[in-house]
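Colleague: Starting off with a structure, shown below.
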Amino acid sequence: MKYVTLSTNPKGFASALEKAKTLLASGDAEVTLALAGGKYHLTCPVALDARDYKGESRLRIVGGGRQKAVFSALKELHAEDFMPVEGQPYYMYQFDRQADGTYPALRTLYADGKVATLSRTSQYRTVYPFKREDGTEYLIKQDKWESDYDHRIYVPVEAVEEAGAENCRGAELHLHVEWEFKIYHIDYADLDDVYVKEDGRRYVALQLSRTETKYGNHILHVCDRDFFIAGTKGVLKRAGQYAYERETGRLYYYPEKPIGQMHFAIGTVSNLFSFRGFDAVTLYGLTFTGVEDQIYLKEGYFAAGQAGGWKVFDGGFPHAGAVKVYDCGALTVDACHFTELPCDGISLRGVVKNVAIKNCRFTHLGATAIRIGCSHIDHDPADYAEGVLIENNYIDDTGFTYRNCCAIIVIKGRDIRIKHNTILRSSYSAISVGWKWNSAWWTYRDGASLNLENVEIAYNFIKSFMTNMKDGGGIYTLGGNAHTDHRQLFNSIHDNVLIEDEYTCPVNGFFATIYHDGASSNWYDYNNIVVHNPDRDAFNARIYLQCLRKASFFTACHDQQCAWNILCENNYICCVENFGRIFASYEYDPAHASDRLDYTRHLRERDTHIIKSVAALKKIPEAKNIWDGAGCAKR
């Protein structure tokens with residue numbers, strides 16, 4: 001093994017990278033790129049594939065010193081080219097036509113280095129099912145949104161008035177459906193198609209794009225759901241927002257200060273680094289920012305289920321990411337900063353082993369901070385993660401575009417440690433592990449069928465989770481584990497602090513702080529602290545929820561969908577009084593359960609402490625130790 005260090009600055013990075021590739025191609029080399037501080041501008045992603053090299057391939061990219069090595073791929077837009085719009089507080093930038101006669105695709109605008117906010121209306125709610133005058137019922141189920149079906153949805157007339165009926169054409173409809181999230185484009189608002197409720201409230205029809213709504217046909221209907229309309233200059237009424245009309249090439253921005261003092265840019269690539277098949281990759285002391293989510297722009301819509309799985313893609317999660325890794329023997333990401341990204345921070349696929357993501361910061365991401373694995377039904381069952389450490393990371397504000405994305409998700413693996421992380425403002429679940437509603441059918445270890453084995457989630461500080469979606473949790477697990485005869489408690493959740501506040505599921509929808517969903521098994525939960533928001537429904541303060549399903553409850557379910565072999569012990573719940581039973585299960589007709597599983601066996605809870613306040617909690621030495629020990633080194 002040859003060990004070579006190449007030192008470079010931003011101007012010399014391209015030539016140093018080419019030298020590194022030559023050294024790797026020579027075989028059995030570990031190459032270190034030692035980077036001086038500064039801004040490293042990429043015109044295309046750094047995509048390295050170990051199949052192009054001989055022998056073992058190991059690469060280290062290391063930044064050092066007080067000045068950060070910052071990677072981005074941005075094209076500047078000059079502030080002087082933004083022209084005032086008469087009678088409006090915003091400005092307009094006119095793009096030139098491209099060679100094919102169209103204007104550039106654009107989804108992300110950077111203003112002074114930060115991702116600007118897409119203009120949007122207030123949040124509204126679609127209409128309940130109703131009967132038309134001819135007696136037919138309006139109750140749209142997405143599985144009926146096929147090419148021959150009327151692709152319309154009824155919304156309060158106030159939403160269309162706020163956006164402007166004409167401005168609705170081509171705008172985005174962002175639709176929340178429990179754990180599903182959609183972004184579809186609006187063809188037009190049909191002001192002649194009106195439904196009036198008994199209370200006099202008026203609803204009008206939005207005709208949606210037929211080419212888009214045929215995707216994402218999950219089991220839930222879209223009636224009585226939260227939504228907003230985005231991307232139109234008709235609602236460009238707040239400083240820091242933008243709108244873009246691709247058909248005219250006009251970009252509009254509402255400045256927060258004199259526009260001549262601002263700097264603007266757009267992303268030119270979807271990700272910055274990708275590595276495939278390496279024996280070892282190390283990234284240290286680097287900052288990643290400044291990309292465009294070109295995958296969304298290519299498809300033009302988003303229709304995804306739990307945790308952001310985009311249904312139309314066989315590869316599952318297709319989101320762009322600053323760093324993407326496939327089939328890696330060892331990966332270390334240490335002391336890096338992922339910030340102002342419209343997509344994932346780190347995305348790992350295939351078989352990944354010996355992963356350490358530690359001492360990093362993830363701030364303001366459009367999707368997931370750390371994504372390991374793929375939850376799509378067509379994913380390769382041979383893919384998994386083994387030997388993962390996610391430790392001492394600070395994560396704040398994830399899922400600002402793809403609202404059903406978690407802060408951290410690990411789909412399938414063993415020997416997983418998620419410890420001492422601080423996670424704030426996650427749009428959906430903060431930590432999510434596991435996949436598949438039914439018991440796992442792939443052989444994982446020693447002939448047993450497992451999805452998760454030897455997983456430890458501990459010493460994390462989680463606050464303001466589920467800020468947009470419903471039916472998730474601060475810590476959420478999903479099934480695919482051993483059958484009921486495997487009684488070992490080989491997974492654990494312990495010494496975490498989870499705080500439900502006014503930002504947690506603000507519409508008071510269904511969630512749980514620690515949520516063991518279908519087919520979760522073999523968990524030992526202990527020494528956790530849950531702080532309930534006393535102004536909210538105490539129903540959601542429960543620390544555990546075992547979701548039990550019969551085969552016919554949902555068409556996609558199986559009779560194995562229950563949680564089993566879980567022990568919850570010595571946990572603390574604050575700010576509730578006389579809550580009653582903390583450990584609870586939903587049982588849907590258990591009399592018709594499969595004979596293979598016992599829906600109530602081996603779910604045990606004991607020694608749960610109900611505390612009136614955080615002040616009272618901190619007077620308990622054991623609880624104070626848990627509180628003080630949770631989170632990353634710098635909260």
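By convention in this document, the chains of the structure tokens carry letters A, B, ... by their order, each chain's residues are numbered from 1, and ligands are numbered from 1 in the order they are shown.
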Please give the complete set of residues from region 46-177 of chain A that DSSP, run on the backbone, assigns to alpha helix (DSSP H), formatted as a tab-separated table (two decimals) with C-alpha atoms, in the first residue's frame.

Modeller:
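Below is the file that was written, states_35.tsv:
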chain	number	residue	atom	x	y	z
A	157	VAL	CA	-61.89	29.64	-2.43
A	158	GLU	CA	-59.71	31.78	-0.12
A	159	ALA	CA	-56.64	29.76	-1.16
A	160	VAL	CA	-57.25	30.53	-4.84
A	161	GLU	CA	-57.97	34.17	-4.07
A	162	GLU	CA	-54.74	34.47	-2.09
A	163	ALA	CA	-52.68	32.94	-4.91

Colleague: At most 10 Å is the cut-off: for each residue in region 422-468 of chain A with any atom that close to an atom of region 384-400 of chain A, write down the nearest atom pair and the distance in Å rounded to one decimal, counting only C-alpha atoms, chain first then increasing number, as a tab-separated table.

Modeller:
residue	atom	partner	partner_atom	distance
A:Thr422	CA	A:Tyr394	CA	4.9
A:Ile423	CA	A:Ile395	CA	4.8
A:Leu424	CA	A:Asp396	CA	4.7
A:Arg425	CA	A:Asp397	CA	4.7
A:Ser426	CA	A:Thr398	CA	5.0
A:Ser427	CA	A:Gly399	CA	5.2
A:Tyr428	CA	A:Gly399	CA	7.4
A:Ala430	CA	A:Thr398	CA	9.0
A:Tyr444	CA	A:Tyr384	CA	9.3
A:Asn451	CA	A:Tyr384	CA	8.8
A:Leu452	CA	A:Tyr384	CA	9.6
A:Glu453	CA	A:Glu386	CA	9.6
A:Asn454	CA	A:Gly387	CA	9.7
A:Val455	CA	A:Val388	CA	9.3
A:Glu456	CA	A:Leu389	CA	9.7
A:Ile457	CA	A:Ile390	CA	9.6
A:Ala458	CA	A:Glu391	CA	9.7
A:Tyr459	CA	A:Glu391	CA	9.6
A:Asn460	CA	A:Asn392	CA	8.8
A:Phe461	CA	A:Tyr394	CA	9.7
A:Ile462	CA	A:Ile395	CA	9.6
A:Lys463	CA	A:Asp396	CA	9.7
A:Ser464	CA	A:Asp397	CA	9.5
A:Phe465	CA	A:Asp397	CA	9.6
A:Thr467	CA	A:Gly399	CA	9.5
A:Asn468	CA	A:Gly399	CA	9.0

Colleague: Kindly save the residues from that selection, with C-alpha atoms included, as an mmCIF file, in the first residue's frame.

Modeller:
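And here's result02.cif as it stands now:
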data_model
loop_
_atom_site.group_PDB
_atom_site.id
_atom_site.type_symbol
_atom_site.label_atom_id
_atom_site.label_comp_id
_atom_site.auth_asym_id
_atom_site.auth_seq_id
_atom_site.Cartn_x
_atom_site.Cartn_y
_atom_site.Cartn_z
ATOM 1 C CA THR A 422 -28.771 16.943 18.900
ATOM 2 C CA ILE A 423 -31.726 17.061 16.496
ATOM 3 C CA LEU A 424 -33.912 20.160 16.259
ATOM 4 C CA ARG A 425 -36.776 21.115 13.923
ATOM 5 C CA SER A 426 -37.173 17.931 11.905
ATOM 6 C CA SER A 427 -40.112 18.100 9.534
ATOM 7 C CA TYR A 428 -40.959 14.415 10.068
ATOM 8 C CA ALA A 430 -36.125 12.845 13.974
ATOM 9 C CA TYR A 444 -29.936 -11.811 7.082
ATOM 10 C CA ASN A 451 -34.058 -6.208 9.354
ATOM 11 C CA LEU A 452 -32.407 -4.612 12.380
ATOM 12 C CA GLU A 453 -29.983 -6.287 14.765
ATOM 13 C CA ASN A 454 -27.914 -4.785 17.555
ATOM 14 C CA VAL A 455 -29.194 -1.228 17.098
ATOM 15 C CA GLU A 456 -28.548 1.292 19.875
ATOM 16 C CA ILE A 457 -30.214 4.723 19.915
ATOM 17 C CA ALA A 458 -28.921 6.517 22.977
ATOM 18 C CA TYR A 459 -28.059 9.864 24.619
ATOM 19 C CA ASN A 460 -29.756 11.937 21.905
ATOM 20 C CA PHE A 461 -31.421 15.312 22.514
ATOM 21 C CA ILE A 462 -34.492 15.729 20.275
ATOM 22 C CA LYS A 463 -36.762 18.760 20.198
ATOM 23 C CA SER A 464 -39.390 20.151 17.797
ATOM 24 C CA PHE A 465 -39.818 16.983 15.767
ATOM 25 C CA THR A 467 -43.034 20.050 12.618
ATOM 26 C CA ASN A 468 -45.071 19.431 9.448
#

Colleague: Using only C-alpha atoms, which residue out of A:Ala25, A:Met92, A:Cys568, A:Val323 lies closest to Leu286 (chain A)?

Modeller: A:Val323

Colleague: Please report the interatomic distance between CA of Pro104 (chain A) and CA of Phe71 (chain A) in Å with one decimal.

Modeller: 22.9 Å

Colleague: So that I can see what lies close to Tyr93 (chain A), please list as an MDAnalysis selection string the residues with an atom at most 12 Å from it, counting only C-alpha atoms and leaving out residues fewer than 6 positions away in the same chain.

Modeller: chainID A and resid 77:85 109 242:246 248:254 259 264:265

Colleague: Please identify all polymer residues within 12 Å of region 9-24 of chain A, counting only C-alpha atoms, omitting same-chain residues fewer than 6 positions from it, and present them as an MDAnalysis selection string.

Modeller: chainID A and resid 1:3 30:64 67:72 278:279

Colleague: Report as JSON, numbers by chain: the residues of region 238-292 of chain A with a DSSP assignment of strand (DSSP E or B), based on the backbone of this structure.

Modeller: {"A": [241, 242, 243, 244, 245, 250, 251, 252, 253, 264, 265, 266, 267, 273, 274, 275, 276, 280, 281, 282, 283, 284, 286, 287, 288]}

Colleague: So how far away is CA of His420 (chain A) from CA of Asp327 (chain A), in Å?

Modeller: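 Taking CA of Asp327 (chain A) and CA of His420 (chain A), their separation equals 26.4 Å.
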
Colleague: Between A:Trp564, A:Phe362, A:Phe273, A:Phe227, which is the closest to Ser520 (chain A) once you count only C-alpha atoms?

Modeller: A:Trp564

Colleague: Can you work out which one of A:Ala630, A:Leu348, A:Val507, A:Ile372 has the shortest atom-to-atom distance to Asn421 (chain A), counting only C-alpha atoms?

Modeller: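 When distances to Asn421 (chain A) are compared using only C-alpha atoms, the smallest one comes from A:Ala630.
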
Colleague: What's the separation between CA of Pro534 (chain A) and CA of Lys612 (chain A), in Å to one decimal place?

Modeller: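 It comes out at 9.9 Å.
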